[in-house]
Structures are given as C-alpha cells and as structure tokens.
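Peer 1: The structure under discussion is supplied below as structure tokens; questions concerning it will follow.
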Amino acid sequence: MAKSKVQHQFGYSLLALFKNYGTEEQCIEALFNWKWSTGFICPECSSQSYCSLKSRKIYQCNRCHHQTSLTTNTIFEHSKLPLTIWFLSVHLITQSKVGISALSLK
C-alpha cells in the first residue's frame, strides 16, 4: 500500500517559525512585505511616498497625509496582542492534523 502524500508531508516546524518570525520586528517586516509586496501604496491616492510614525506605529502618505497601520484590513486589526502571538497561533492552527480547541490555544 502506498504512503498517503497528505499524511506524510513535511510541516513547518516550531524551530523554523521562531527562526523566521521569532521577534516582533521580523513579523512586522513579513506582514509589510505580504501586504505591500511591491512597496507601500497609499490606499487613498496610490502614492508610493510615505513616512513611518514611530510613536504610533503607523504609515503616513507624504502626498495626501492619509494614515494607515500595518494591520488595517487584516485579521490582526483592532487586536492588542503582539504579532508574534498571532503568528504562533496561526502556526498551531494550520499545522495541527486534528485541529486545536480555543481552550488549548489559550
């Protein structure tokens, strides 16, 4: 009987997760690259010129001064949890073969 390819596929290990997304800065960089893969684009005027406000962790368009955050229009919007916790949660949910309860995730 042949091995099931789904059952015996290689997963993404916790070690690899912590290596790639172990710090908040790594998570921010990854989310920025996923959200704006070709560089920042203002959602209001489509300008690519921006500055980042470090006090509030938001990006501001240099042309129209529209402010947007990295987590706007994502599943992380309005969350107070750090991105490292979210990335770990997503990893645990997606890598579990039998699912994971909310209580276990807590």
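Here's how to read the names in the structure tokens: chain A, B, ... by the order shown, residue numbers from 1 in each chain, ligand numbers from 1 in the order shown.
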Name all residues at most 10 Å from Gln67 of chain A (count only C-alpha atoms; drop same-chain ones fewer than 5 positions away) and give them as a list of chain:residue names.
Peer 2: A:Cys42, A:Pro43, A:Glu44, A:Tyr50, A:Cys51, A:Ser52, A:Leu53, A:Ile58, A:Tyr59, A:Gln60, A:Cys61, A:Asn62
Peer 1: Once you have the residues from the selection above, write them out as an mmCIF file, in the first residue's frame, restricted to N, CA and C atoms.
Peer 2:
data_model
loop_
_atom_site.group_PDB
_atom_site.id
_atom_site.type_symbol
_atom_site.label_atom_id
_atom_site.label_comp_id
_atom_site.auth_asym_id
_atom_site.auth_seq_id
_atom_site.Cartn_x
_atom_site.Cartn_y
_atom_site.Cartn_z
ATOM 1 N N CYS A 42 -0.375 54.027 -0.982
ATOM 2 C CA CYS A 42 -1.411 54.689 -0.190
ATOM 3 C C CYS A 42 -2.787 54.212 -0.651
ATOM 4 N N PRO A 43 -3.659 53.784 0.280
ATOM 5 C CA PRO A 43 -4.987 53.326 -0.110
ATOM 6 C C PRO A 43 -5.891 54.455 -0.610
ATOM 7 N N GLU A 44 -5.553 55.704 -0.336
ATOM 8 C CA GLU A 44 -6.369 56.836 -0.758
ATOM 9 C C GLU A 44 -5.952 57.386 -2.118
ATOM 10 N N TYR A 50 6.026 57.604 1.484
ATOM 11 C CA TYR A 50 5.462 57.536 2.829
ATOM 12 C C TYR A 50 6.539 57.758 3.876
ATOM 13 N N CYS A 51 6.098 57.997 5.077
ATOM 14 C CA CYS A 51 6.986 58.021 6.233
ATOM 15 C C CYS A 51 6.309 57.209 7.331
ATOM 16 N N SER A 52 7.090 56.707 8.250
ATOM 17 C CA SER A 52 6.502 55.926 9.341
ATOM 18 C C SER A 52 6.605 56.726 10.634
ATOM 19 N N LEU A 53 5.510 56.757 11.361
ATOM 20 C CA LEU A 53 5.468 57.445 12.640
ATOM 21 C C LEU A 53 5.745 56.416 13.726
ATOM 22 N N ILE A 58 2.391 53.698 12.704
ATOM 23 C CA ILE A 58 1.548 53.842 11.528
ATOM 24 C C ILE A 58 2.371 54.426 10.391
ATOM 25 N N TYR A 59 1.842 54.304 9.186
ATOM 26 C CA TYR A 59 2.481 54.834 7.992
ATOM 27 C C TYR A 59 1.631 55.985 7.469
ATOM 28 N N GLN A 60 2.301 57.064 7.065
ATOM 29 C CA GLN A 60 1.604 58.247 6.579
ATOM 30 C C GLN A 60 2.055 58.561 5.163
ATOM 31 N N CYS A 61 1.100 58.780 4.290
ATOM 32 C CA CYS A 61 1.391 59.152 2.910
ATOM 33 C C CYS A 61 1.960 60.563 2.886
ATOM 34 N N ASN A 62 3.017 60.767 2.134
ATOM 35 C CA ASN A 62 3.623 62.087 2.043
ATOM 36 C C ASN A 62 2.824 63.039 1.155
#
Peer 1: Give the alpha helix (DSSP H) residues of chain A, as assigned by DSSP on the backbone, as JSON, numbers by chain.
Peer 2: {"A": [14, 15, 16, 17, 18, 19, 20, 21, 24, 25, 26, 27, 28, 29, 30, 31, 32, 33, 34, 35, 83, 84, 85, 86, 87, 88, 89, 90, 91, 92, 93, 94, 95, 102, 103, 104, 105]}
Peer 1: Would you kindly return, as a PDB file with N, CA, C and O atoms, in the first residue's frame, each protein, DNA or RNA residue with an atom no farther than 10 Å from any atom of segment 15-23 of chain A, considering only C-alpha atoms and excluding same-chain residues fewer than 2 positions away?
Peer 2:
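Resulting contents of around.pdb:
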ATOM      1  N   GLY A  11       5.959  19.337   7.548  1.00  0.00           N
ATOM      2  CA  GLY A  11       5.320  20.547   8.048  1.00  0.00           C
ATOM      3  C   GLY A  11       6.340  21.655   8.257  1.00  0.00           C
ATOM      4  O   GLY A  11       7.506  21.541   7.900  1.00  0.00           O
ATOM      5  N   TYR A  12       5.862  22.719   8.797  1.00  0.00           N
ATOM      6  CA  TYR A  12       6.682  23.880   9.127  1.00  0.00           C
ATOM      7  C   TYR A  12       6.934  23.799  10.619  1.00  0.00           C
ATOM      8  O   TYR A  12       6.019  23.974  11.422  1.00  0.00           O
ATOM      9  N   SER A  13       8.151  23.538  11.020  1.00  0.00           N
ATOM     10  CA  SER A  13       8.452  23.273  12.425  1.00  0.00           C
ATOM     11  C   SER A  13       8.396  24.543  13.271  1.00  0.00           C
ATOM     12  O   SER A  13       8.501  25.658  12.766  1.00  0.00           O
ATOM     13  N   GLU A  25       9.864  42.542  15.210  1.00  0.00           N
ATOM     14  CA  GLU A  25      10.403  43.204  14.014  1.00  0.00           C
ATOM     15  C   GLU A  25      10.331  42.287  12.795  1.00  0.00           C
ATOM     16  O   GLU A  25      10.013  42.728  11.694  1.00  0.00           O
ATOM     17  N   GLN A  26      10.627  40.999  12.977  1.00  0.00           N
ATOM     18  CA  GLN A  26      10.538  40.042  11.876  1.00  0.00           C
ATOM     19  C   GLN A  26       9.096  39.890  11.406  1.00  0.00           C
ATOM     20  O   GLN A  26       8.830  39.807  10.204  1.00  0.00           O
ATOM     21  N   CYS A  27       8.163  39.872  12.340  1.00  0.00           N
ATOM     22  CA  CYS A  27       6.744  39.754  11.988  1.00  0.00           C
ATOM     23  C   CYS A  27       6.264  41.001  11.250  1.00  0.00           C
ATOM     24  O   CYS A  27       5.527  40.902  10.271  1.00  0.00           O
ATOM     25  N   ILE A  28       6.694  42.169  11.710  1.00  0.00           N
ATOM     26  CA  ILE A  28       6.310  43.421  11.058  1.00  0.00           C
ATOM     27  C   ILE A  28       6.858  43.466   9.641  1.00  0.00           C
ATOM     28  O   ILE A  28       6.148  43.829   8.696  1.00  0.00           O
ATOM     29  N   GLU A  29       8.107  43.073   9.474  1.00  0.00           N
ATOM     30  CA  GLU A  29       8.712  43.068   8.136  1.00  0.00           C
ATOM     31  C   GLU A  29       7.994  42.094   7.204  1.00  0.00           C
ATOM     32  O   GLU A  29       7.710  42.411   6.048  1.00  0.00           O
ATOM     33  N   ALA A  30       7.663  40.920   7.710  1.00  0.00           N
ATOM     34  CA  ALA A  30       6.956  39.930   6.889  1.00  0.00           C
ATOM     35  C   ALA A  30       5.565  40.418   6.516  1.00  0.00           C
ATOM     36  O   ALA A  30       5.152  40.312   5.359  1.00  0.00           O
ATOM     37  N   PRO A  82       0.525  41.077  20.490  1.00  0.00           N
ATOM     38  CA  PRO A  82       1.659  41.247  19.579  1.00  0.00           C
ATOM     39  C   PRO A  82       1.573  40.283  18.398  1.00  0.00           C
ATOM     40  O   PRO A  82       0.934  39.225  18.488  1.00  0.00           O
ATOM     41  N   LEU A  83       2.194  40.654  17.301  1.00  0.00           N
ATOM     42  CA  LEU A  83       2.157  39.820  16.097  1.00  0.00           C
ATOM     43  C   LEU A  83       2.817  38.468  16.308  1.00  0.00           C
ATOM     44  O   LEU A  83       2.429  37.479  15.677  1.00  0.00           O
ATOM     45  N   THR A  84       3.784  38.378  17.204  1.00  0.00           N
ATOM     46  CA  THR A  84       4.434  37.090  17.461  1.00  0.00           C
ATOM     47  C   THR A  84       3.433  36.072  18.008  1.00  0.00           C
ATOM     48  O   THR A  84       3.476  34.900  17.639  1.00  0.00           O
ATOM     49  N   ILE A  85       2.520  36.522  18.864  1.00  0.00           N
ATOM     50  CA  ILE A  85       1.482  35.631  19.397  1.00  0.00           C
ATOM     51  C   ILE A  85       0.538  35.209  18.281  1.00  0.00           C
ATOM     52  O   ILE A  85       0.152  34.038  18.183  1.00  0.00           O
ATOM     53  N   PHE A  87       1.205  35.037  15.016  1.00  0.00           N
ATOM     54  CA  PHE A  87       1.900  34.136  14.097  1.00  0.00           C
ATOM     55  C   PHE A  87       2.007  32.735  14.693  1.00  0.00           C
ATOM     56  O   PHE A  87       1.829  31.737  14.002  1.00  0.00           O
ATOM     57  N   LEU A  88       2.285  32.650  16.005  1.00  0.00           N
ATOM     58  CA  LEU A  88       2.345  31.354  16.673  1.00  0.00           C
ATOM     59  C   LEU A  88       0.969  30.683  16.655  1.00  0.00           C
ATOM     60  O   LEU A  88       0.864  29.481  16.382  1.00  0.00           O
ATOM     61  N   HIS A  91       0.236  29.367  13.231  1.00  0.00           N
ATOM     62  CA  HIS A  91       1.056  28.169  13.005  1.00  0.00           C
ATOM     63  C   HIS A  91       0.437  26.954  13.680  1.00  0.00           C
ATOM     64  O   HIS A  91       0.321  25.886  13.064  1.00  0.00           O
TER      65      HIS A  91
END
